>>> print(open('coords_38.cif').read())   # mmCIF, C-alpha atoms and all ligand atoms
data_start
#
loop_
_atom_site.label_atom_id
_atom_site.label_comp_id
_atom_site.auth_asym_id
_atom_site.auth_seq_id
_atom_site.Cartn_x
_atom_site.Cartn_y
_atom_site.Cartn_z
CA MET A 1 0.00 0.00 0.00
CA LEU A 2 2.70 2.37 1.03
CA ILE A 3 4.73 1.62 -2.12
CA ASP A 4 1.68 2.11 -4.34
CA ALA A 5 1.00 5.41 -2.77
CA ARG A 6 4.62 6.48 -3.32
CA ALA A 7 4.38 5.47 -6.99
CA VAL A 8 1.27 7.54 -7.46
CA ASP A 9 3.04 10.39 -5.68
CA LEU A 10 5.97 10.07 -8.03
CA GLU A 11 3.77 10.03 -11.13
CA ALA A 12 2.15 13.17 -9.93
CA GLU A 13 5.55 14.78 -9.41
CA PHE A 14 6.66 13.82 -12.94
CA SER A 15 3.50 15.11 -14.56
CA SER A 16 3.60 18.34 -12.61
CA SER A 17 7.24 18.58 -13.81
CA ARG A 18 8.54 19.36 -10.37
CA VAL A 19 11.09 16.58 -10.74
CA GLU A 20 13.97 18.03 -12.76
CA SER A 21 15.94 14.87 -13.35
CA ILE A 22 15.88 11.12 -12.95
CA ALA A 23 18.52 11.51 -10.25
CA ASP A 24 16.02 13.44 -8.18
CA ALA A 25 13.54 10.65 -8.59
CA LEU A 26 16.08 8.05 -7.53
CA THR A 27 16.73 9.36 -4.07
CA PRO A 28 15.29 6.80 -1.62
CA ASP A 29 13.19 9.24 0.25
CA ARG A 30 11.52 10.41 -2.96
CA SER A 31 10.76 7.05 -4.50
CA LEU A 32 11.48 3.82 -2.78
CA PHE A 33 9.80 1.99 -5.65
CA VAL A 34 12.01 3.32 -8.44
CA TYR A 35 15.09 2.99 -6.27
CA THR A 36 14.54 -0.67 -5.43
CA LEU A 37 13.88 -1.33 -9.12
CA MET A 38 17.04 0.47 -10.25
CA VAL A 39 19.49 -1.37 -7.98
CA PRO A 40 19.16 -4.75 -9.76
CA VAL A 41 18.97 -2.99 -13.15
CA ALA A 42 22.25 -1.16 -12.44
CA ALA A 43 23.90 -4.38 -11.28
CA TRP A 44 22.73 -6.18 -14.41
CA HIS A 45 24.06 -3.33 -16.56
CA GLN A 46 27.43 -3.45 -14.81
CA ARG A 47 27.67 -7.20 -15.40
CA ALA A 48 26.81 -6.70 -19.09
CA VAL A 49 29.53 -4.05 -19.45
CA ARG A 50 32.06 -6.33 -17.75
CA ARG A 51 31.10 -9.21 -20.06
CA LYS A 52 31.54 -6.95 -23.11
CA MET A 53 34.97 -5.75 -21.89
CA LYS A 54 36.06 -9.34 -21.38
CA LYS A 55 34.99 -10.19 -24.95
CA ILE A 56 36.89 -7.20 -26.40
CA LEU A 57 40.03 -8.09 -24.42
CA LEU A 58 39.83 -11.73 -25.50
CA GLY A 59 39.39 -10.61 -29.12
CA ALA A 60 42.49 -8.37 -28.91
CA VAL A 61 44.62 -11.13 -27.34
CA LEU A 62 43.47 -13.67 -29.95
CA THR A 63 44.16 -11.26 -32.83
CA LEU A 64 47.65 -10.57 -31.48
CA ALA A 65 48.34 -14.29 -31.05
CA LEU A 66 47.12 -14.94 -34.61
CA LEU A 67 49.34 -12.18 -36.00
CA LEU A 68 52.38 -13.52 -34.14
CA LEU A 69 51.62 -17.06 -35.31
CA SER A 70 51.22 -16.04 -38.97
CA GLY A 71 54.46 -14.00 -38.72
CA LEU A 72 56.20 -17.07 -37.33
CA VAL A 73 54.77 -19.36 -40.02
CA VAL A 74 55.68 -16.96 -42.87
CA THR A 75 59.25 -16.48 -41.64
CA ARG A 76 60.01 -20.06 -40.53
CA LEU A 77 58.52 -21.69 -43.64
CA GLY A 78 60.80 -19.58 -45.84
CA LEU A 79 57.93 -17.77 -47.50
CA MET A 80 59.66 -14.37 -47.38
CA PRO A 81 61.42 -13.54 -50.65
CA VAL A 82 65.11 -12.69 -50.06
CA SER A 83 66.58 -12.58 -53.57
CA ALA A 84 68.03 -9.29 -54.79
CA ASP A 85 66.74 -9.71 -58.32
CA GLY A 86 63.13 -9.54 -59.41
CA ALA A 87 60.78 -6.58 -59.27
CA HIS A 88 60.96 -4.29 -56.24
CA SER A 89 57.83 -4.96 -54.15
CA ARG A 90 55.39 -2.07 -54.41
CA LEU A 91 54.73 -2.04 -50.68
CA GLU A 92 58.44 -1.79 -49.88
CA ALA A 93 58.98 0.74 -52.65
CA ARG A 94 56.34 2.92 -51.06
CA ILE A 95 57.16 2.48 -47.37
CA MET A 96 60.96 2.24 -47.25
CA PRO A 97 61.82 5.64 -48.81
CA THR A 98 59.54 7.30 -46.24
CA VAL A 99 61.14 5.36 -43.38
CA LEU A 100 64.62 6.19 -44.69
CA HIS A 101 63.88 9.87 -45.19
CA ALA A 102 62.31 10.29 -41.75
CA SER A 103 65.26 8.58 -40.06
CA VAL A 104 67.83 10.66 -41.98
CA VAL A 105 65.98 13.87 -41.09
CA ARG A 106 65.95 12.83 -37.41
CA HIS A 107 69.63 11.84 -37.21
CA ALA A 108 71.32 14.50 -39.34
CA SER A 109 73.02 17.20 -37.27
CA GLY A 110 71.75 20.24 -39.21
CA GLU A 111 75.23 21.80 -39.49
CA THR A 112 76.19 23.63 -42.68
CA ASN A 113 78.96 22.43 -45.00
CA PRO A 114 82.26 23.59 -43.43
CA VAL A 115 84.18 23.01 -46.68
CA ALA A 116 84.51 26.10 -48.88
CA LEU A 117 82.76 25.88 -52.23
CA ASN A 118 85.66 26.16 -54.70
CA GLU A 119 87.10 24.30 -57.68
CA ASP A 120 89.76 22.45 -55.65
CA HIS A 121 87.24 20.89 -53.29
CA LEU A 122 84.82 20.10 -56.13
CA LYS A 123 87.61 18.42 -58.12
CA ALA A 124 88.65 16.42 -55.06
CA GLY A 125 84.99 15.42 -54.75
CA VAL A 126 84.96 14.19 -58.35
CA ASP A 127 88.09 12.09 -57.71
CA THR A 128 86.60 10.47 -54.62
CA TYR A 129 83.29 9.90 -56.39
CA LYS A 130 84.98 8.24 -59.37
CA ALA A 131 87.04 6.00 -57.09
CA MET A 132 84.36 5.09 -54.53
CA CYS A 133 80.85 5.76 -55.79
CA ALA A 134 80.67 5.63 -59.60
CA ARG A 135 80.78 1.85 -59.82
CA CYS A 136 77.34 1.72 -58.16
CA HIS A 137 75.87 5.18 -58.78
CA SER A 138 77.39 5.71 -62.28
CA LYS A 139 78.83 8.98 -63.57
CA PRO A 140 76.59 11.84 -64.76
CA ASP A 141 77.69 11.39 -68.39
CA GLY A 142 78.05 7.61 -68.28
CA GLU A 143 75.80 4.61 -68.71
CA ALA A 144 73.66 3.51 -65.75
CA SER A 145 75.70 1.07 -63.66
CA VAL A 146 74.46 -2.51 -64.12
CA TYR A 147 76.28 -3.40 -60.89
CA GLY A 148 74.41 -0.65 -59.00
CA GLN A 149 71.09 -1.66 -60.56
CA SER A 150 71.59 -5.21 -59.29
CA PHE A 151 71.10 -4.27 -55.64
CA TYR A 152 67.74 -4.50 -53.88
CA PRO A 153 66.79 -1.68 -53.74
CA PRO A 154 68.86 -0.57 -56.74
CA ALA A 155 71.45 2.19 -56.25
CA PRO A 156 69.95 5.43 -57.57
CA GLN A 157 71.92 6.89 -60.45
CA LEU A 158 73.46 10.01 -58.90
CA PRO A 159 73.18 12.84 -58.76
CA LYS A 160 69.93 12.88 -60.79
CA GLY A 161 68.13 10.09 -58.93
CA MET A 162 68.87 11.54 -55.48
CA SER A 163 66.21 12.45 -52.88
CA GLN A 164 65.88 16.04 -51.71
CA TYR A 165 68.42 16.15 -48.92
CA THR A 166 70.00 19.10 -47.15
CA ASP A 167 73.80 19.22 -46.86
CA SER A 168 73.89 17.71 -43.39
CA GLN A 169 71.38 14.98 -44.33
CA LEU A 170 73.49 14.01 -47.34
CA PHE A 171 76.58 13.99 -45.14
CA TRP A 172 74.82 11.70 -42.68
CA VAL A 173 73.69 9.21 -45.38
CA ILE A 174 77.18 8.98 -46.88
CA LYS A 175 78.95 8.72 -43.53
CA HIS A 176 76.60 6.18 -41.95
CA GLY A 177 75.28 4.28 -44.99
CA ILE A 178 71.88 2.62 -45.30
CA ARG A 179 71.23 -0.60 -43.41
CA ASN A 180 70.34 -3.79 -45.34
CA THR A 181 71.10 -2.21 -48.70
CA GLY A 182 74.26 -2.00 -50.82
CA MET A 183 75.05 1.49 -49.49
CA PRO A 184 78.10 1.21 -47.19
CA ALA A 185 78.92 3.48 -44.24
CA TRP A 186 81.80 5.52 -45.65
CA GLY A 187 82.74 6.95 -42.26
CA SER A 188 85.41 4.27 -41.81
CA MET A 189 86.91 4.84 -45.29
CA LEU A 190 86.64 8.58 -45.93
CA SER A 191 87.50 11.58 -43.75
CA ASP A 192 84.75 14.07 -42.83
CA GLU A 193 86.38 16.57 -45.20
CA GLU A 194 86.22 14.12 -48.12
CA ILE A 195 82.55 13.42 -47.36
CA TRP A 196 81.74 17.16 -47.27
CA GLN A 197 83.52 17.53 -50.64
CA LEU A 198 81.20 14.83 -52.02
CA VAL A 199 78.23 16.70 -50.55
CA SER A 200 79.35 19.91 -52.32
CA LEU A 201 79.73 18.01 -55.57
CA LEU A 202 76.35 16.27 -55.41
CA ARG A 203 74.50 19.42 -54.36
CA ASN A 204 76.07 21.57 -57.09
CA SER A 205 76.17 18.96 -59.83
CA GLN A 206 73.82 20.95 -62.05
CA ASP A 207 76.04 24.00 -62.03
CA LEU A 208 79.73 22.97 -62.08
CA PRO A 209 82.59 25.11 -63.44
CA PRO A 210 84.02 23.80 -66.78
CA SER A 211 87.30 22.70 -65.16
CA VAL A 212 85.35 20.45 -62.76
CA GLU A 213 83.16 19.10 -65.59
CA ALA A 214 86.40 18.25 -67.44
CA GLN A 215 87.60 16.33 -64.36
CA TRP A 216 84.74 13.83 -64.82
CA LYS A 217 86.15 12.82 -68.21
CA GLU A 218 89.78 12.44 -67.06
CA ARG A 219 90.84 8.89 -66.41
C1 LIG A 301 78.32 -1.04 -53.53
C2 LIG A 301 77.42 -0.11 -54.11
C3 LIG A 301 77.42 1.32 -53.61
C4 LIG A 301 78.52 2.15 -53.50
C5 LIG A 301 79.96 1.84 -53.81
C6 LIG A 301 77.98 3.41 -53.04
N1 LIG A 301 76.63 3.35 -52.87
FE1 LIG A 301 75.39 4.84 -52.37
N2 LIG A 301 73.80 3.59 -52.43
C7 LIG A 301 73.85 2.29 -52.83
C8 LIG A 301 72.50 1.75 -52.82
C9 LIG A 301 72.13 0.34 -53.17
C10 LIG A 301 71.65 2.78 -52.40
C11 LIG A 301 70.14 2.73 -52.26
C12 LIG A 301 69.70 2.48 -50.86
C13 LIG A 301 68.21 2.69 -50.69
O1 LIG A 301 67.51 3.05 -51.64
O2 LIG A 301 67.73 2.51 -49.57
C14 LIG A 301 72.51 3.94 -52.17
C15 LIG A 301 72.04 5.17 -51.74
C16 LIG A 301 72.80 6.30 -51.69
C17 LIG A 301 72.30 7.63 -51.37
C18 LIG A 301 70.87 7.95 -50.99
C19 LIG A 301 70.11 8.34 -52.20
C20 LIG A 301 68.66 8.62 -51.86
O3 LIG A 301 68.01 9.20 -52.72
O4 LIG A 301 68.17 8.26 -50.79
C21 LIG A 301 73.36 8.48 -51.46
C22 LIG A 301 73.32 9.98 -51.24
C23 LIG A 301 74.52 7.71 -51.79
N3 LIG A 301 74.15 6.39 -51.93
C24 LIG A 301 75.78 8.25 -51.96
C25 LIG A 301 76.91 7.49 -52.21
C26 LIG A 301 78.24 8.04 -52.27
C27 LIG A 301 78.59 9.51 -52.16
C28 LIG A 301 79.08 7.00 -52.50
C29 LIG A 301 80.57 7.04 -52.60
C30 LIG A 301 81.30 7.52 -51.48
C31 LIG A 301 78.26 5.78 -52.58
N4 LIG A 301 76.96 6.13 -52.38
C32 LIG A 301 78.75 4.53 -52.84
C33 LIG A 301 74.96 1.60 -53.20
C34 LIG A 301 76.25 2.06 -53.21
#
>>> encode(input="coords_38.cif", output="structure tokens")
Amino acid sequence: MLIDARAVDLEAEFSSSRVESIADALTPDRSLFVYTLMVPVAAWHQRAVRRKMKKILLGAVLTLALLLLSGLVVTRLGLMPVSADGAHSRLEARIMPTVLHASVVRHASGETNPVALNEDHLKAGVDTYKAMCARCHSKPDGEASVYGQSFYPPAPQLPKGMSQYTDSQLFWVIKHGIRNTGMPAWGSMLSDEEIWQLVSLLRNSQDLPPSVEAQWKER
């Protein structure tokens, strides 16, 4: 009887719009009926949420396990191609240059070329390039290097095929090389000055003095 009366009371309060929110209605002194109804409903809801969370977590763990397993199967069964010939995979061709560029940008020091831009340094750069780089990257006036093209990824034909690098980024690439490719780390074979001379040469290759151009052709 008491509960019925309270419910009627509550209905009246709702219809007379004195109750502003459900929260008001849920206070025990206002409506024992609604309150006692809401406790099991809230508990049920909480259990449902917990069940859903458990399902999501289980799904994530299973997906991860499946990914690890397929990675293991692909690598252990020898399904990964490792030959250096054949077409360059489109996925790698798209992802790797971005990865390389981002890493070079992060690691390069940002310093400017300390070697003066003059004919002597440019000529020295040509000599080093001919001795160390041309066999893979070819010479500007020469044929594309078949040797350089046989790497995976192929050596770009310099300086034309080069990415947009700043001086210090170019210095970094030449000094430290590129992992898992044919590009060696020249830091153990060339001095910093020789590397900066190469940087000057590559960066100014479109606009070289005639005496430096002639140096390319000398044997
Ligand atoms: C044995 C072959 C080989 C030699 C020698 C070599 N390189 Fe490379 N180089 C490569 C290959 C292969 C790549 C491509 C790596 C890649 O794409 O990830 C490369 C990449 C580069 C790049 C990056 C180009 C870009 O666009 O990202 C530069 C710069 C470079 N080499 C400069 C030189 C210089 C300067 C020398 C000489 C001191 C030299 N390399 C000698 C094989 C070689």
>>> residues_around(input="coords_38.cif", residues="segment 76-83 of chain A", least_positions_apart="6", cutoff="12 Å", atoms="only C-alpha atoms", output="list in words")
Leu68, Leu69, Ser70, Ser89, Ser150, Phe151, Tyr152, Pro153 and Asn180 of chain A
>>> closest_atom_pairs(input="coords_38.cif", of="chain A", to="ligand LIG 301 (chain A)", cutoff="9 Å", atoms="all atoms listed in the file", output="Markdown table")
| residue | atom | partner | partner_atom | distance |
| --- | --- | --- | --- | --- |
| A:Ala93 | CA | A:LIG301 | O1 | 8.9 |
| A:Met96 | CA | A:LIG301 | O2 | 7.2 |
| A:Pro97 | CA | A:LIG301 | O2 | 6.7 |
| A:Leu100 | CA | A:LIG301 | O2 | 6.9 |
| A:His101 | CA | A:LIG301 | O4 | 7.2 |
| A:Thr128 | CA | A:LIG301 | C30 | 6.8 |
| A:Tyr129 | CA | A:LIG301 | C29 | 5.5 |
| A:Lys130 | CA | A:LIG301 | C29 | 8.2 |
| A:Ala131 | CA | A:LIG301 | C29 | 7.9 |
| A:Met132 | CA | A:LIG301 | C29 | 4.7 |
| A:Cys133 | CA | A:LIG301 | C29 | 3.4 |
| A:Ala134 | CA | A:LIG301 | C5 | 7.0 |
| A:Arg135 | CA | A:LIG301 | C5 | 6.1 |
| A:Cys136 | CA | A:LIG301 | C2 | 4.4 |
| A:His137 | CA | A:LIG301 | N1 | 6.2 |
| A:Tyr147 | CA | A:LIG301 | C2 | 7.6 |
| A:Gly148 | CA | A:LIG301 | C2 | 5.8 |
| A:Gln149 | CA | A:LIG301 | C9 | 7.7 |
| A:Ser150 | CA | A:LIG301 | C9 | 8.3 |
| A:Phe151 | CA | A:LIG301 | C9 | 5.3 |
| A:Tyr152 | CA | A:LIG301 | C9 | 6.6 |
| A:Pro153 | CA | A:LIG301 | O1 | 5.2 |
| A:Pro154 | CA | A:LIG301 | C9 | 4.9 |
| A:Ala155 | CA | A:LIG301 | C8 | 3.6 |
| A:Pro156 | CA | A:LIG301 | C11 | 6.0 |
| A:Gln157 | CA | A:LIG301 | C19 | 8.6 |
| A:Leu158 | CA | A:LIG301 | C24 | 7.5 |
| A:Pro159 | CA | A:LIG301 | C22 | 8.0 |
| A:Gly161 | CA | A:LIG301 | O3 | 6.3 |
| A:Met162 | CA | A:LIG301 | O3 | 3.7 |
| A:Ser163 | CA | A:LIG301 | O3 | 3.7 |
| A:Gln164 | CA | A:LIG301 | O3 | 7.2 |
| A:Tyr165 | CA | A:LIG301 | O3 | 7.9 |
| A:Gln169 | CA | A:LIG301 | C22 | 8.7 |
| A:Leu170 | CA | A:LIG301 | C22 | 5.6 |
| A:Phe171 | CA | A:LIG301 | C22 | 8.0 |
| A:Trp172 | CA | A:LIG301 | C22 | 8.9 |
| A:Val173 | CA | A:LIG301 | C22 | 5.9 |
| A:Ile174 | CA | A:LIG301 | C24 | 5.3 |
| A:Lys175 | CA | A:LIG301 | C30 | 8.4 |
| A:Gly177 | CA | A:LIG301 | N3 | 7.3 |
| A:Ile178 | CA | A:LIG301 | O2 | 6.0 |
| A:Arg179 | CA | A:LIG301 | O2 | 7.7 |
| A:Asn180 | CA | A:LIG301 | O2 | 8.0 |
| A:Thr181 | CA | A:LIG301 | C9 | 5.2 |
| A:Gly182 | CA | A:LIG301 | C9 | 3.9 |
| A:Met183 | CA | A:LIG301 | C7 | 3.6 |
| A:Pro184 | CA | A:LIG301 | N1 | 6.2 |
| A:Ala185 | CA | A:LIG301 | C30 | 8.6 |
| A:Trp186 | CA | A:LIG301 | C30 | 6.2 |
| A:Met189 | CA | A:LIG301 | C30 | 8.8 |
| A:Leu190 | CA | A:LIG301 | C30 | 7.8 |
| A:Glu194 | CA | A:LIG301 | C30 | 8.9 |
| A:Ile195 | CA | A:LIG301 | C30 | 7.3 |
| A:Leu198 | CA | A:LIG301 | C27 | 5.9 |
| A:Val199 | CA | A:LIG301 | C27 | 7.4 |
| A:Leu202 | CA | A:LIG301 | C27 | 7.8 |
>>> residues_around(input="coords_38.cif", residues="Leu201 of chain A", least_positions_apart="3", cutoff="10 Å", atoms="only C-alpha atoms", output="ChimeraX atom specification")
/A:117,119,121-126,129,159,195-198,204-208,212
>>> atom_distance(input="coords_38.cif", atom1="atom CA of Asp167 of chain A", atom2="atom CA of Arg106 of chain A")
13.8 Å
>>> atom_distance(input="coords_38.cif", atom1="atom CA of Ala84 of chain A", atom2="atom CA of Val104 of chain A")
23.7 Å
>>> atom_distance(input="coords_38.cif", atom1="atom CA of Gly142 of chain A", atom2="atom CA of Arg203 of chain A")
18.6 Å
>>> closest_residue(input="coords_38.cif", among="A:Ala65, A:Gln215, A:Thr75, A:Pro114", to="Glu193 of chain A", atoms="all atoms listed in the file")
A:Pro114
